[in-house]
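S.K.: The structure is given below, and queries will be raised subsequently.
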Amino acid sequence: MATSHVPDNAPESCPGTNSEQAGKASACAGCPNQKICSTAPKGPDPDLQTIAERLQYVKNIVLVLSGKGGVGKSTVSAQLALSLASKGLEVGLLDIDICGPSMPRMLGLEGQEIHHSNSGWSPVYVEENLGVMSIGFMLTNPDDAVIWRGPRKNGLIKQFLKDVDWGKLDYLVIDAPPGTSDEHISAVQFLLPSHKAHGNLAGAVIVSTPQEVSLIDVRKEINFCKKTGVPILGVVENMSGFTVPVASLSFVDQDGHDVSSKIREALGSINAGDIRANGELLFAKDGAAEKMSHEFGVPFLGKIPMDLEMSKAAEQGVSIFDTAKASPSALSLTRIVDKIVASKP
């Protein structure tokens, strides 16, 4: 990952912040960064080697990203990890959404705490083969706001990667916040030395919804990955239409009067419990996410419909593969996970 070590407000002849002459060279005279550069540690960050050593037993690291917030990225992350674990794989799930941690709720782990040992921080376990780490486990009150600037958030992400004792994993799923800012840049910088040493950064799964307002930011996320050297496993179109059992619906006429009984009577002998109603709730061009993926030369992993069972699983902190494995969203997720697994040796 190419990064500049010359601050934007530095003089043209700046030796660079990592240089032994930083803050000492004649060119540094009068620079607003002189004092910082002269006292800052020089050379490579020694923690990067520690992170690479910690992650050497992780076979595949999967970043789950989204350009836009509110697209269901954390739901996809949680159920992706649960699906991988259901296949008998050893899985870790790291929540680096520092200001909006969702994993304790989505995995039924609220109230759990992190334990420390001589080997590092121990993940909180959903199952024997699925461990989770999140700042949510560190809050005394789950409603407390995390009001941190970038450096402190980045420091915790580094600590998660450096100090959590995952053991041997087939997959480490990392749920990132929306966007392409500090947390993403730092996470990639922390992970790339491990990838260089062990080839274990499998890539990014980028989650979108069908509308163009979401795809605008997904394009930025794809470009971020390409510029930083992160492989892209593919794009997932979440909330792609809706599907619901007809038996769970109520019906009203144009005046707002309930006509559910009349509709069911009209269905007659048809078993409404076996019929689902499908439709669209979001205005979008059909196939827009798939078309965009092809234009950027990245895989399109599939579509996940809005489904009450998926929402219920996330709210109750359970696996949809346990509660409703035959639901449309579970079947879609299974196909997506199978593609991800098949893409790696």
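FYI, nothing fancy with the structure tokens labels: chains A, B, ... in order, residues from 1 per chain, ligands from 1 as they appear.
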From a backbone DSSP assignment, name each residue in region 21-130 of chain A labelled strand (DSSP E), as a PyMOL selection string.
M.R.: chain A and resi 58-65+91-95+115-117+120-122+124-127+130
S.K.: Return the single residue from A:Lys59, A:Met106, A:Thr180, A:Arg264 that is closest to Ser311 (chain A), with distances computed using only C-alpha atoms.
M.R.: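 Once distances to Ser311 (chain A) are computed over only C-alpha atoms, the minimum belongs to A:Met106.
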S.K.: Residues at most 10 Å from Val318 (chain A), counting only C-alpha atoms, excluding those fewer than 6 positions away in the same chain, as JSON, numbers by chain?
M.R.: {"A": [78, 79, 82, 105, 106, 107, 108, 109, 126, 310, 312]}
S.K.: Could you save the residues just selected, with N, CA, C and O atoms, as a short mmCIF file (atom, residue, chain, number, x, y, z; two decimals), in the first residue's frame?
M.R.:
data_model
loop_
_atom_site.label_atom_id
_atom_site.label_comp_id
_atom_site.auth_asym_id
_atom_site.auth_seq_id
_atom_site.Cartn_x
_atom_site.Cartn_y
_atom_site.Cartn_z
N ALA A 78 -22.44 -11.00 10.48
CA ALA A 78 -22.79 -11.94 11.54
C ALA A 78 -23.26 -13.27 10.95
O ALA A 78 -22.81 -14.35 11.38
N GLN A 79 -24.15 -13.22 9.98
CA GLN A 79 -24.69 -14.46 9.42
C GLN A 79 -23.67 -15.17 8.53
O GLN A 79 -23.68 -16.40 8.43
N LEU A 82 -21.64 -17.07 11.06
CA LEU A 82 -22.43 -18.19 11.56
C LEU A 82 -22.52 -19.31 10.51
O LEU A 82 -22.46 -20.49 10.84
N ARG A 105 -25.07 -7.74 20.18
CA ARG A 105 -26.52 -7.89 20.04
C ARG A 105 -26.86 -8.93 18.99
O ARG A 105 -27.71 -9.81 19.20
N MET A 106 -26.21 -8.85 17.84
CA MET A 106 -26.57 -9.71 16.72
C MET A 106 -26.19 -11.16 16.93
O MET A 106 -26.68 -12.04 16.21
N LEU A 107 -25.32 -11.43 17.91
CA LEU A 107 -24.90 -12.81 18.17
C LEU A 107 -25.33 -13.28 19.55
O LEU A 107 -24.85 -14.31 20.03
N GLY A 108 -26.22 -12.53 20.20
CA GLY A 108 -26.76 -12.95 21.48
C GLY A 108 -25.73 -12.95 22.60
O GLY A 108 -25.79 -13.78 23.51
N LEU A 109 -24.78 -12.01 22.55
CA LEU A 109 -23.68 -12.00 23.51
C LEU A 109 -23.68 -10.76 24.42
O LEU A 109 -22.67 -10.46 25.06
N VAL A 126 -19.55 -17.74 20.73
CA VAL A 126 -20.95 -18.08 20.44
C VAL A 126 -21.08 -19.60 20.48
O VAL A 126 -22.00 -20.15 21.07
N MET A 310 -34.70 -13.10 8.47
CA MET A 310 -33.36 -12.54 8.62
C MET A 310 -33.36 -11.44 9.68
O MET A 310 -32.48 -11.38 10.55
N LYS A 312 -35.47 -11.12 12.11
CA LYS A 312 -35.72 -11.75 13.41
C LYS A 312 -34.45 -12.37 13.96
O LYS A 312 -34.14 -12.25 15.16
#
S.K.: So, counting only C-alpha atoms, which residue among A:Ile51, A:Val146, A:Leu130, A:Val58 is closest to Asp97 (chain A)?
M.R.: A:Val146
S.K.: Can you work out which one of A:Val213, A:Met306, A:Ala324, A:Val230 has the shortest atom-to-atom distance to Lys68 (chain A), counting only C-alpha atoms?
M.R.: A:Val213
S.K.: Can you list, as number ranges by chain, every protein, DNA or RNA residue that comes within 7 Å of Trp166 (chain A) when you count only C-alpha atoms, leaving out same-chain residues fewer than 3 positions away?
M.R.: A: 92, 123, 169
S.K.: Go through region 210-274 of chain A residue by residue and, counting only C-alpha atoms, keep those with an atom at most 6 Å from region 182-205 of chain A; for each kept residue give the shortest atom pair and its distance in Å to one decimal, ordered by chain and increasing number, as a Markdown table.
M.R.:
| residue | atom | partner | partner_atom | distance |
| --- | --- | --- | --- | --- |
| A:Val230 | CA | A:Gly203 | CA | 5.9 |
| A:Pro231 | CA | A:Gly203 | CA | 4.4 |
| A:Ile232 | CA | A:Ala204 | CA | 4.7 |
| A:Leu233 | CA | A:Ala204 | CA | 5.4 |
| A:Gly234 | CA | A:Val205 | CA | 5.3 |
| A:Val235 | CA | A:Val205 | CA | 5.9 |
S.K.: Residues of the last selection are to be written out with N, CA, C and O atoms, as a CSV table (one decimal), in the first residue's frame.
M.R.:
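Saved to part-v4.csv:
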chain,number,residue,atom,x,y,z
A,230,VAL,N,-6.1,-4.5,-1.7
A,230,VAL,CA,-7.0,-5.5,-1.0
A,230,VAL,C,-7.8,-6.3,-2.1
A,230,VAL,O,-8.5,-5.7,-2.9
A,231,PRO,N,-7.6,-7.6,-2.2
A,231,PRO,CA,-8.4,-8.4,-3.2
A,231,PRO,C,-9.9,-8.2,-2.9
A,231,PRO,O,-10.3,-8.0,-1.8
A,232,ILE,N,-10.7,-8.3,-3.9
A,232,ILE,CA,-12.2,-8.2,-3.8
A,232,ILE,C,-12.8,-9.5,-4.1
A,232,ILE,O,-12.7,-10.1,-5.2
A,233,LEU,N,-13.4,-10.1,-3.0
A,233,LEU,CA,-14.1,-11.4,-3.2
A,233,LEU,C,-15.4,-11.2,-4.0
A,233,LEU,O,-15.8,-12.1,-4.7
A,234,GLY,N,-16.0,-10.1,-3.8
A,234,GLY,CA,-17.2,-9.8,-4.6
A,234,GLY,C,-18.2,-8.9,-3.9
A,234,GLY,O,-18.0,-8.4,-2.8
A,235,VAL,N,-19.2,-8.5,-4.6
A,235,VAL,CA,-20.3,-7.6,-4.2
A,235,VAL,C,-21.5,-8.4,-3.9
A,235,VAL,O,-21.9,-9.3,-4.6
S.K.: Closest to Asp338 (chain A) among A:Ala52, A:Leu281, A:Ala29, A:Leu84, using only C-alpha atoms?
M.R.: A:Leu84
S.K.: For Leu172 (chain A), which of A:Ala22, A:Ile320, A:Ile61, A:Cys28 is the closest residue, counting only C-alpha atoms?
M.R.: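 Once distances to Leu172 (chain A) are computed over only C-alpha atoms, the minimum belongs to A:Ile61.
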S.K.: Tell me which of A:Val244, A:Ile340, A:Ile206, A:Pro299 sits closest to Phe224 (chain A), counting only C-alpha atoms.
M.R.: A:Ile206
S.K.: For the atom pair CA of Gly16 (chain A) and CA of Thr50 (chain A), what is the interatomic distance in Å to one decimal place?
M.R.: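 It comes out at 24.7 Å.
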S.K.: Excluding Ser102 (chain A) and residues on its chain fewer than 5 positions from it, collect all residues at most 9 Å away from it, counting only C-alpha atoms, and give them as JSON, numbers by chain.
M.R.: {"A": [74, 75, 95, 97, 107, 134, 136]}
